[in-house]
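A short worksheet on the structure shown next.
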Amino acid sequence: MQGQMLLAAIDSAIVIGVIGIGLHVLLTRQVRITGILLTVFYMCGMVAAVYASDAALIYWAFPTTTAAYFLVKPREAAFISLVALIALQPIMIGSITSVEQVGILVALTINNIFSYAVARNMQLNARELAQQATRDSLTGAGNRRLFDEKVLELIAMQDRDKTPTSLVILDIDNFKTINDRFGHIRGDEVLINLAGILRERLRKGDGLYRLGGEEFAIVANRADRAMALSLAEELRGLVETSDLVPAMQVTISLGVAECDAADDAGTWFEKADSALYQAKNRGRNQTCIAA
């Protein structure tokens with residue numbers, strides 16, 4: 001309306017670009033790289049608009065740099081904002097007084113420091129909440145929710161890549177006796193120490209999960225039933241020879257099942273769970289493998 005066609009073209013490009021990026025996210029669900037591209041794109045648009053307006057729009061640097069901390073990681077936002085501020089220096093030096101330059105730079109610096117602090121705090125809180133939502137608070141193992149997600153992921157991988165994957169379900173034998181004789185605090189210590197023994201032996205790609213009470217699950221990635229059986233027997237031996245409770249031997253029973261092509265999450269778990277109960281019925285402190 002004011003006849004500033006260059007500025008109108010820049011604004012139009014920003015709007016069209018943001019809409020295009022938004023549609024891309026909506027269709028692909030890819031947020032990580034897109035967030036960086038969006039931040040760089042609109043930051044470049046802001047710098048171009050400031051140059052086109054002869055620094056009259058310099059104050060748009062405040063909301064644009066702040067917005068960066070909501071789209072990308074704090075360090076990435078700080079770097080992109082710093083590059084944008086450096087790019088603005090030539091137009092600021094030639095268009096506004098030195099006093100205004102200092103005032104704007106100080107205000108932008110403070111704005112970025114506070115934005116970084118807030119974004120970093122939000123990131124840490126989100127990470128802690130995610131851990132609380134997926135981790136067992138007592139043992140640090142994955143919880144049932146994370147276990148269910150991992151099982152579905154591995155079944156999809158097995159269907160796609162034909163990669164052998166096995167499930168080991170284990171249970172502490174006579175755990176109620178431990179609680180009754182030594183108290184629940186000692187029982188909790190047994191669970192914590194048991195999780196440590198299991199975690200120390202597992203491979204990098206394996207996962208340890210507490211399903212509830214004294215029952216744990218191990219997802220042995222890229223392991224057929226023979227490899228999983230060998231792993232289960234090794235874990236059983238480690239627990240049997242450990243000193244989890246003084247003056248009392250602690251043992252575990254285990255059930256092993258390899259994921260077959262016809263299995264879904266329910267049938268796979270049921271096979272391993274049935275093998276566990278078979279081990280219990282045969283006298284405990286042993287491993288059974290699903291047919």
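Ligands are numbered from 1 in the order shown, residues from 1 within each chain, and chains are lettered A, B, ... in the order they appear in the structure tokens.
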When DSSP is applied to the backbone of this structure, which of region 37-256 of chain A are assigned alpha helix (DSSP H)? Write them out as a count of residues only. 146
Region 259-265 of chain A environment, 12 Å, only C-alpha atoms, sequence neighbours closer than 5 positions dropped, as a count of residues only: 35
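Note that CA of Val99 (chain A) and CA of Ile86 (chain A) are 17.6 Å apart.
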Give me the residues near Cys288 (chain A) as a VMD selection string, where near means some atom within 9 Å (using only C-alpha atoms) and where sequence neighbours in that chain fewer than 5 positions away do not count. chain A and resid 229 253 to 256 272 275 to 279
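Near Arg186 (chain A), within 12 Å and counting only C-alpha atoms, sit A:Phe175, A:Lys176, A:Thr177, A:Ile178, A:Asn179, A:Asp180, A:Arg181, A:Phe182, A:Val190, A:Leu191, A:Ile192, A:Asn193, A:Leu244, A:Val245, A:Pro246, not including residues fewer than 4 positions from it in the same chain.
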Expected file: the selected residues, C-alpha atoms, as a short mmCIF file (atom, residue, chain, number, x, y, z; two decimals), in the first residue's frame:
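Saved to selection.cif:
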data_model
loop_
_atom_site.label_atom_id
_atom_site.label_comp_id
_atom_site.auth_asym_id
_atom_site.auth_seq_id
_atom_site.Cartn_x
_atom_site.Cartn_y
_atom_site.Cartn_z
CA PHE A 175 10.30 -63.02 45.91
CA LYS A 176 7.48 -62.85 48.45
CA THR A 177 9.65 -64.83 50.86
CA ILE A 178 12.37 -62.17 50.56
CA ASN A 179 9.89 -59.41 51.38
CA ASP A 180 8.40 -61.37 54.27
CA ARG A 181 11.76 -62.29 55.86
CA PHE A 182 13.82 -59.17 55.21
CA VAL A 190 17.22 -56.84 45.41
CA LEU A 191 15.28 -55.46 42.44
CA ILE A 192 17.74 -52.59 41.99
CA ASN A 193 20.80 -54.85 42.21
CA LEU A 244 21.82 -60.31 46.42
CA VAL A 245 20.59 -61.33 49.88
CA PRO A 246 22.98 -62.47 52.64
#
Excluding same-chain residues fewer than 2 positions from Ala195 (chain A), what lies within 12 Å of it counting only C-alpha atoms, as a ChimeraX atom specification? /A:136,138-142,170-172,188-193,197-202,207-210,214-218,235,238-239,244
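Running DSSP on the backbone and keeping only strand (DSSP E or B), the residues of region 77-196 of chain A that qualify are Arg135, Gly142, Thr165, Ser166, Leu167, Val168, Ile169, Leu170, Asp171 and Ile172 of chain A.
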Let me make sure I understand: among A:Leu85, A:Ala119, A:Ile16, A:Ile80, which one has the smallest atom-to-atom distance to Trp60 (chain A) if we use only C-alpha atoms? A:Leu85
Near-Ile33 (chain A) list (12 Å; only C-alpha atoms; drop same-chain fewer than 4 positions) as a PyMOL selection string: chain A and resi 21+24-25+28-29+37-40+71-73+76
Selected residues written out, C-alpha atoms, as a tab-separated table (two decimals), in the first residue's frame:
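The new file part13.tsv reads:
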chain	number	residue	atom	x	y	z
A	21	ILE	CA	7.28	-25.68	5.13
A	24	HIS	CA	5.75	-30.33	4.38
A	25	VAL	CA	5.69	-31.03	8.13
A	28	THR	CA	5.91	-35.98	6.27
A	29	ARG	CA	5.84	-35.53	10.09
A	37	LEU	CA	15.26	-24.89	7.77
A	38	LEU	CA	12.29	-22.83	8.93
A	39	THR	CA	14.41	-20.92	11.45
A	40	VAL	CA	17.14	-20.15	8.92
A	71	LEU	CA	11.81	-24.34	16.99
A	72	VAL	CA	15.34	-25.72	17.37
A	73	LYS	CA	17.72	-26.70	20.13
A	76	GLU	CA	21.40	-24.05	17.44
Would you pick out the contacts of Ala48 (chain A) at 12 Å or less, using only C-alpha atoms, so that residues sharing its chain but fewer than 5 positions from it are not included, and give the list as a PyMOL selection string? chain A and resi 6-11+13-14+41-43+53-58+60-61+84+87-88+91
